[in-house]
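Reviewing the structure listed below.
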Amino acid sequence: MTRDDTTSTAPTGRYTPEGLEDAFSTGADQPAPGGDAPQLPALGVVGWLRWAWRQLTSMRVALLLLMLLAVAAVPGTIFPQQSQQPEEVATYLVDHPDLGPLLDRLGFFDVYSSIWFSAIYLLLFVSLVGCILPRSRTHLKALGGRPPRTPRRFDRFPAQASFTSDGTPQEVAERAAVALGGPRWARRFRVDVRDEGAGVWSVAAERGYLRETGNLVFHLALVGLLVSVATGQLLHYRGQAIVVADRAFANTQSDYDTFESGAGFRPSSLEPFSLRLDSFESRFDPQTLQSRDFTAHVTVTEPGEEGVADTIRVNHPLDAGGAKIYLQGNGYAPQVTVRDAAGEVTFAGAVPFLPQDTVYTSQGVIKVPDVTSGPQIGLQGVLLPTAEQVGEGIWRSTYPQPTDPLLALAVWTGDLGLDDGVPQNVYQLDESGLEQQLDADGRPVTLYVRPGETVDLPDGLGTLTFDALPRFVALDLRHDPSLAWVLTFALLAFAGLAASLFVPRRRVWLRARPATGSTGDEGPGSGRTVVTAAALARGDDVGLQAELDRAVDRLRAGEARTGR
């Protein structure tokens, strides 16, 4: 086998095509015999830190962190969160004994307070700050600088114009500076007039710095949003409370039905006040039965002050104790009294029943755990504000107002499960440890009772009295000190984004020189000035030529007014 003459082997033993031997292929880059091989300098700790900082503050990493933050928030929408649904978290842990504890250790039930979510959040914050600061310094220097010098030639610029003037080059340049700059209170261009010598004067003008300013404002507003949202998550609280007519609610954590707050919240920060529900008004369309208006008449009392009457309506919250109080729902709370077989009162009070439709067919549960003897009692059923019988044992409500209320209850006995340590929904009955009471025919016992009536419980369990039917309201109290800041930064981000997208970045140059013989019949000493102009934009700009034409028109109009 023979090798043809078109290839050769370099002295270093590497393959090299024939005719390409040079200092780089003939081994000149190799260390001399007996010499040391070249060594690259080591980065060191400082070098690696600098490299890591540059990577973190790059736009690529910022976008990656933003996408990663969105992905990290997904588990918070899939799994129940401890701060909002503690009973569902407990149920999930019971139903999934293997997977549940693992997810709990990884923070999937408290995503937005977990270490990994906070780490992504903080890295994004640092990345934005590290990206903004150098750009801000560069932008501030540019604002104080002069526009770029006028190029020597204009023939390759996308927008051009030329004309002749009767003024001197200096006069033309000064008038152009006025035309381009505009009034002092509304500067359009930053203008710089230069004397280039030999009677030639030039004007350099630049506009569009607001574009970069808007870009920086947008990023600064994003940082402000991150800080505001984080502050709100730390200090906010939100709670729900059900208040029955003629009863009061106190702004203490123990008086809330559900309550969730940020890590920085302290119960002592709750401002004390009490709210009493005096009455509740509701209006419905008589034809469609759709709700038209809900109004809760309340009395708010702060320590050391007289009570103040006020109202809460849908979308018209009440401000009290630094929190906004929203009317979230309403319904009926049958007030009942249950006596056991010995005649002792084992339960007395109003129990909210939750509306299920437009005619306020409401479902609820009455739990009687403290009986003096015998099993615990659970009553589950519906409340019909305006009851109408449509068949044997079949009832329905025909109107949402309580014109003929009826309470229908099924009776259960056994262990209510309240002592098992697992949170329960107060509006549901855990039937796992209960047995439903049946009549002699083996059918479930159903009690029908109207206000003022008393019925006997089956098997001599006692009696139940339907005392009254007051209204209740569901209130949602929210306190977030960052809301005003979030709105402010959101508006700033919108304004900055609009400026960065729609403000054009343009440069205009103009050169005025005395006319020469090359201009035609106007030679030296004619007193005429040849004016050439050009414009350049950053990126495609369909309005660039029109911008230059307007500047030239303003300049020529100014000359016409001065007679030059």
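Chain lettering (A, B, ...) mirrors the order of the structure tokens, residue numbering begins at 1 for each chain separately, and ligand numbering begins at 1 in order of display.
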List the neighbours of region 156-158 of chain A out to 7 Å using only C-alpha atoms; skip same-chain residues closer than 3 positions along the sequence, and give me the result as a ChimeraX atom specification.
/A:534-536
Which residues, written as JSON, numbers by chain, have at least one atom at most 12 Å from Phe265 (chain A), with only C-alpha atoms counted and residues fewer than 2 positions away on the same chain left out?
{"A": [231, 232, 233, 234, 235, 236, 237, 238, 253, 259, 260, 261, 262, 263, 267, 268, 269, 270, 479, 480, 481]}
Would you save the residues of that selection, restricted to C-alpha atoms, as a short mmCIF file (atom, residue, chain, number, x, y, z; two decimals), in the first residue's frame?
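The new file selection.cif reads:
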```
data_model
loop_
_atom_site.label_atom_id
_atom_site.label_comp_id
_atom_site.auth_asym_id
_atom_site.auth_seq_id
_atom_site.Cartn_x
_atom_site.Cartn_y
_atom_site.Cartn_z
CA THR A 231 -43.39 40.82 52.29
CA GLY A 232 -47.10 40.16 51.88
CA GLN A 233 -46.57 36.42 52.23
CA LEU A 234 -44.64 37.00 55.44
CA LEU A 235 -47.02 39.44 57.12
CA HIS A 236 -50.45 38.70 55.70
CA TYR A 237 -53.31 36.88 57.33
CA ARG A 238 -56.66 35.68 56.08
CA GLN A 253 -57.32 34.01 66.15
CA PHE A 259 -57.21 31.02 59.61
CA GLU A 260 -53.95 31.12 57.65
CA SER A 261 -51.08 33.57 57.91
CA GLY A 262 -47.53 34.25 56.82
CA ALA A 263 -44.40 33.13 58.63
CA PRO A 267 -51.17 36.87 66.75
CA SER A 268 -50.49 39.93 68.91
CA SER A 269 -50.53 42.06 65.75
CA LEU A 270 -54.29 41.53 65.33
CA HIS A 479 -54.99 41.77 55.72
CA ASP A 480 -52.07 42.22 53.33
CA PRO A 481 -49.83 45.27 53.82
#
```
If you run DSSP on the backbone here, which positions in region 263-409 of chain A get strand (DSSP E or B)? Please write them as number ranges by chain.
A: 274-284, 291-301, 308-313, 316, 318-320, 323-332, 335-340, 345-350, 353-355, 362-368, 376-384, 386-391, 394-397, 404, 406-409
Taking 3 positions as the minimum chain separation for residues in the same chain, which residues sit within 10 Å of Pro317 (chain A) when counting only C-alpha atoms? Answer as a PyMOL selection string.
chain A and resi 311-314+320+323-328+475-477
